[in-house]
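All remarks here apply to the structure that follows.
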Amino acid sequence: MKIDHRFGLVALLAAGVALSGCSHFHNPFAGGGSKSKYHGKGERIPIIAFDQSLKISDTLKGQDFYLPPPAAQQAWPEPGGVVDQAIENVDAGKDFAVAWKAKIGAGSERKTYITAPPVAADGKIFVMDGAARVSAYDAASGREVWRADMARRGKRNKEGFGGGLAYADGRVFVSSGYRFVAAVDAASGKEIWRQETEAPVHAAPTVSGGRVIVESVDDNLLTFDAATGATGWTYQALSEPARILAATSPAVSGDAVVASFASGELVALQAANGTGLWSLVLSKSNRNSALSEIRDIPGRPVIYRGDVFAVSHSGVFTDVELRTGAQRWELPVTSVSTPWPAGDVVYVTDTAGEVICASRDSGQIYWIADMNKGAKKKKDRGLWSGPILANNRVVVVSTTGEAVALNAKTGAAERRLKIGSPALLNPIAVGGNLYVVSQAAELIAIR
């Protein structure tokens, strides 16, 4: 099956003008939602001027900075690796060559769409295709271990797409655009419990402290008991009629849960009961196009050394103190990806295809790498996803079917690899390998 990488660009960036909540997704590009009329109270406060632009710092240009040494990662149980979504420098992908590929099911087409990054544990890679089929593959060989069709199609759920996975205590936790959250046995794929949801879920769950935490497309944060599936507290964010098709997962540190929403809200809550601790809205004061009006924060917020890093589609990349919610700095970056803090710096990839390396302390820029430089035609410009820091190289993947490893200190491209199909989801790293799920529903291992 051949997929035009331009499809991925349109699918990810297009958003609905209204949350319909109907059981038929006539236009899967248009996002999804429920019939809920809830509109939260609050005032959006712009925090960054429109006319700011990114510039490499004269002071930092060419300067060295600290990166933690590469460390082996034997499991990747959460969508961002761990519950705070922060893994520093992984020992993986040294050879930067394709080891094997496995077809996992339905890819991204007109009625199906892959939004689930893989997770890994117990020597297996767990994946979800575009039609809610969950599979386990042997991490070393790519051999399929089991497959489970999780969707229950009926009058209410004839069609659906998206969702995600997490792993904890021998179970794989599944969320889905078919309006459910479930737990299955990681060894066999046998379903243990299932809870229906009012709205579709395009985001992967986060599992922490015996809770499964997941965000539905109507900006509702839901919690479930990991052992039984019993429902827990919920948090309703500001309802937003336009959103990005990509989906986010909350981060957890200690007794704090940090979640981001389509409204541009970044919220910290008490893990025990969902009580609000602080909230911000990441939005520019002026916007000059329909797409820039979309305030969504589709990348995962990341908690690292007491700070929260988050970036919005509306053009705000910020560092927030976890304890107080006070902002330390902001940068005018438009992104649908997840930031990657490590040591003295934080990396982020924007929607224009630029990989940015900024000082974690000040937000000043060390370097910027334009991944679409030299692309003479618009069709040759890819949407780049990532980054992941592996063996002191910043790895990003593209809708052009390419993976590139950049020097983490300079941004210079060191290795390029054709992976064969468009990629929109961040790679993960386990046992020395990088793993990518492509939009053609291929699981690709990079040794």
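Letters A, B, ... mark the chains of the structure tokens in the order given; residue numbers begin at 1 per chain; ligand numbers begin at 1, in order shown.
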request  = Please identify all polymer residues within 7 Å of range 432-447 of chain A, counting only C-alpha atoms, omitting same-chain residues fewer than 6 positions from it, and present them as number ranges by chain.
outcome  = A: 3, 72, 91-108, 114, 117-118, 129, 421-425
request  = Excluding range 362-368 of chain A and residues on its chain fewer than 4 positions from it, collect all residues at most 8 Å away from it, counting only C-alpha atoms, and give them as a list in words.
outcome  =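 Answer for this query is Leu54, Lys55, Ile56, Ser57, Leu60, Lys61, Gly62, Gln63, Arg328, Trp329, Glu330, Leu331, Glu354, Val355, Ile356, Cys357, Ala358, Thr410 and Gly411 of chain A.
When only C-alpha atoms are used to compute distances to Ala390 in chain A, the closest of the residues A:Asn89, A:Ser53, A:Gln74, A:Ser337 turns out to be A:Asn89.
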Using only C-alpha atoms, determine which residues lie at most 7 Å from Leu280 in chain A, disregarding the query and same-chain residues fewer than 2 positions distant; provide the list as a PDB file with C-alpha atoms, in the first residue's frame.
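Result saved to selection-v6.pdb:
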```pdb
ATOM      1  CA  GLU A 265      -4.758  24.949  28.449  1.00  0.00           C
ATOM      2  CA  LEU A 266      -1.862  23.472  30.375  1.00  0.00           C
ATOM      3  CA  VAL A 267      -3.202  22.265  33.730  1.00  0.00           C
ATOM      4  CA  LEU A 282      -0.461  28.821  25.686  1.00  0.00           C
TER       5      LEU A 282
END
```
key: Exercise: Thr223 in chain A partners within 12 Å, only C-alpha atoms, chain neighbours under 3 positions left out, as an MDAnalysis selection string   = chainID A and resid 175 181:182 195 197 205:216 220 226 228:236 250 257 271:274
request  = Report the residues of range 111-258 of chain A whose backbone DSSP state falls under strand (DSSP E or B), written as an NGL selection string.
outcome  = :A and (119-121 or 124-128 or 133-138 or 144-149 or 163-168 or 171-176 or 180-185 or 191-196 or 206-208 or 211-215 or 220-225 or 231-236 or 251-253 or 256-258)
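Between CA of Gly420 in chain A and CA of Asn407 in chain A there is a distance of 23.0 Å.
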message = Quick check, in Å to one decimal: how far apart do CA of Ala251 in chain A and CA of Val311 in chain A lie?
response =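 CA of Ala251 in chain A sits 13.9 Å away from CA of Val311 in chain A.
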task = Compare A:Val336, A:Val345, A:Ala75, A:Ala413 by their minimum atom-to-atom distance to Ala369 in chain A, counting only C-alpha atoms, and give me the closest one.
result =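 Checking each candidate against Ala369 in chain A, we get A:Ala413 as the closest.
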key: Atomic distance CA of Phe261 in chain A - CA of Ala237 in chain A, expressed in Å with one decimal   =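 Taking CA of Phe261 in chain A and CA of Ala237 in chain A, their separation equals 7.1 Å.
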